[in-house]
Amino acid sequence: QVQLVESGGGLAQPGGSLRLSCEASGFTFSRSAMGWARQAPGKGLEWVSGIFRDGIGTIYIDSVKGRFTISRDDAKKMLYLQMDSLKPEDTAVYYCGKGVRPPYDALGQGTRVTVSS
């Protein structure tokens, strides 16, 4: 079955960086667009970024453009989200999803990111 396992979350200071990883299994990763979404405390799921198969294109929500970078390693079946210049409003649980945008075919269990001084 499809499994997505996120890691790399934690506490970062404003202006700091974190790199999230997502390990995929149970499907042909290289043929699937993938994405990241987040859920801030008390809010609904918000799409953050997506990457098409073969990495031929990437898309981002306006609030993270220029700060976040999505990438993939098809050989390792891994999805990444490099987050730089973090802001307190980036605090959320981040989810890896199978698909470029919600609704995703599958969603991981999430990894928590807290941005605070």
# chains A, B, ... in the order shown; residues from 1 in each chain; ligands from 1
>>> select_by_dssp(residues="chain A", states="helix (DSSP H, G or I)", output="MDAnalysis selection string")
chainID A and resid 29:31 53:55 62:64 88:90
>>> write_last_selection(atoms="N, CA, C and O atoms", output="short mmCIF file (atom, residue, chain, number, x, y, z; two decimals), in the first residue's frame")
data_model
loop_
_atom_site.label_atom_id
_atom_site.label_comp_id
_atom_site.auth_asym_id
_atom_site.auth_seq_id
_atom_site.Cartn_x
_atom_site.Cartn_y
_atom_site.Cartn_z
N PHE A 29 7.04 5.86 -7.71
CA PHE A 29 7.29 7.25 -7.32
C PHE A 29 7.63 8.13 -8.52
O PHE A 29 7.12 9.25 -8.63
N SER A 30 8.47 7.63 -9.40
CA SER A 30 8.94 8.45 -10.51
C SER A 30 7.82 8.87 -11.44
O SER A 30 7.96 9.86 -12.18
N ARG A 31 6.72 8.18 -11.42
CA ARG A 31 5.59 8.50 -12.31
C ARG A 31 4.56 9.40 -11.65
O ARG A 31 3.54 9.73 -12.27
N ARG A 53 6.17 15.09 -12.18
CA ARG A 53 7.07 13.95 -12.33
C ARG A 53 8.24 14.35 -13.19
O ARG A 53 8.13 15.25 -14.03
N ASP A 54 9.36 13.68 -12.97
CA ASP A 54 10.64 14.00 -13.60
C ASP A 54 11.15 15.37 -13.19
O ASP A 54 12.14 15.85 -13.75
N GLY A 55 10.49 16.02 -12.23
CA GLY A 55 10.92 17.33 -11.77
C GLY A 55 10.85 18.41 -12.82
O GLY A 55 11.56 19.41 -12.73
N ASP A 62 2.09 31.63 -3.03
CA ASP A 62 2.81 32.91 -3.07
C ASP A 62 3.60 33.19 -1.78
O ASP A 62 4.69 33.75 -1.83
N SER A 63 3.05 32.80 -0.65
CA SER A 63 3.68 33.16 0.63
C SER A 63 5.02 32.47 0.87
O SER A 63 5.77 32.88 1.77
N VAL A 64 5.36 31.45 0.09
CA VAL A 64 6.64 30.76 0.30
C VAL A 64 7.58 30.89 -0.89
O VAL A 64 8.72 30.42 -0.84
N PRO A 88 7.43 33.02 11.65
CA PRO A 88 6.52 32.41 12.63
C PRO A 88 5.24 31.87 11.97
O PRO A 88 4.71 30.85 12.41
N GLU A 89 4.77 32.53 10.93
CA GLU A 89 3.55 32.07 10.25
C GLU A 89 3.74 30.79 9.45
O GLU A 89 2.77 30.24 8.92
N ASP A 90 4.97 30.30 9.36
CA ASP A 90 5.22 29.00 8.74
C ASP A 90 5.00 27.85 9.72
O ASP A 90 5.07 26.68 9.33
#
>>> residues_around(residues="range 97-110 of chain A", least_positions_apart="2", cutoff="8 Å", atoms="only C-alpha atoms", output="count of residues only")
21
>>> closest_residue(among="A:Lys43, A:Thr91, A:Arg67, A:Ser117", to="Gly9 in chain A", atoms="only C-alpha atoms")
A:Thr91
>>> atom_distance(atom1="CA of Gln82 in chain A", atom2="CA of Gly66 in chain A")
10.8 Å
>>> atom_distance(atom1="CA of Thr58 in chain A", atom2="CA of Ser71 in chain A")
8.3 Å
>>> residues_around(residues="Tyr80 in chain A", least_positions_apart="2", cutoff="7 Å", atoms="only C-alpha atoms", output="NGL selection string")
:A and (19-22 or 70-72 or 78 or 82)
>>> atom_distance(atom1="CA of Val48 in chain A", atom2="CA of Lys77 in chain A")
20.0 Å
>>> select_by_dssp(residues="chain A", states="strand (DSSP E or B)", output="JSON, numbers by chain")
{"A": [3, 4, 5, 6, 7, 10, 11, 12, 18, 19, 20, 21, 22, 23, 24, 25, 34, 35, 36, 37, 38, 39, 45, 46, 47, 48, 49, 50, 51, 58, 59, 60, 68, 69, 70, 71, 72, 73, 78, 79, 80, 81, 82, 83, 92, 93, 94, 95, 96, 97, 98, 107, 111, 112, 113, 114, 115]}
>>> closest_residue(among="A:Asp74, A:Tyr60, A:Cys96, A:Ala24", to="Leu45 in chain A", atoms="only C-alpha atoms")
A:Cys96
>>> closest_residue(among="A:Ala40, A:Leu11, A:Ala75, A:Ile59", to="Glu23 in chain A", atoms="only C-alpha atoms")
A:Ala75
>>> residues_around(residues="Pro14 in chain A", least_positions_apart="4", cutoff="8 Å", atoms="only C-alpha atoms", output="list in words")
Ser85, Leu86, Lys87, Pro88, Val115, Ser116 and Ser117 of chain A
>>> closest_residue(among="A:Thr69, A:Thr111, A:Leu79, A:Gln1", to="Phe27 in chain A", atoms="only C-alpha atoms")
A:Gln1
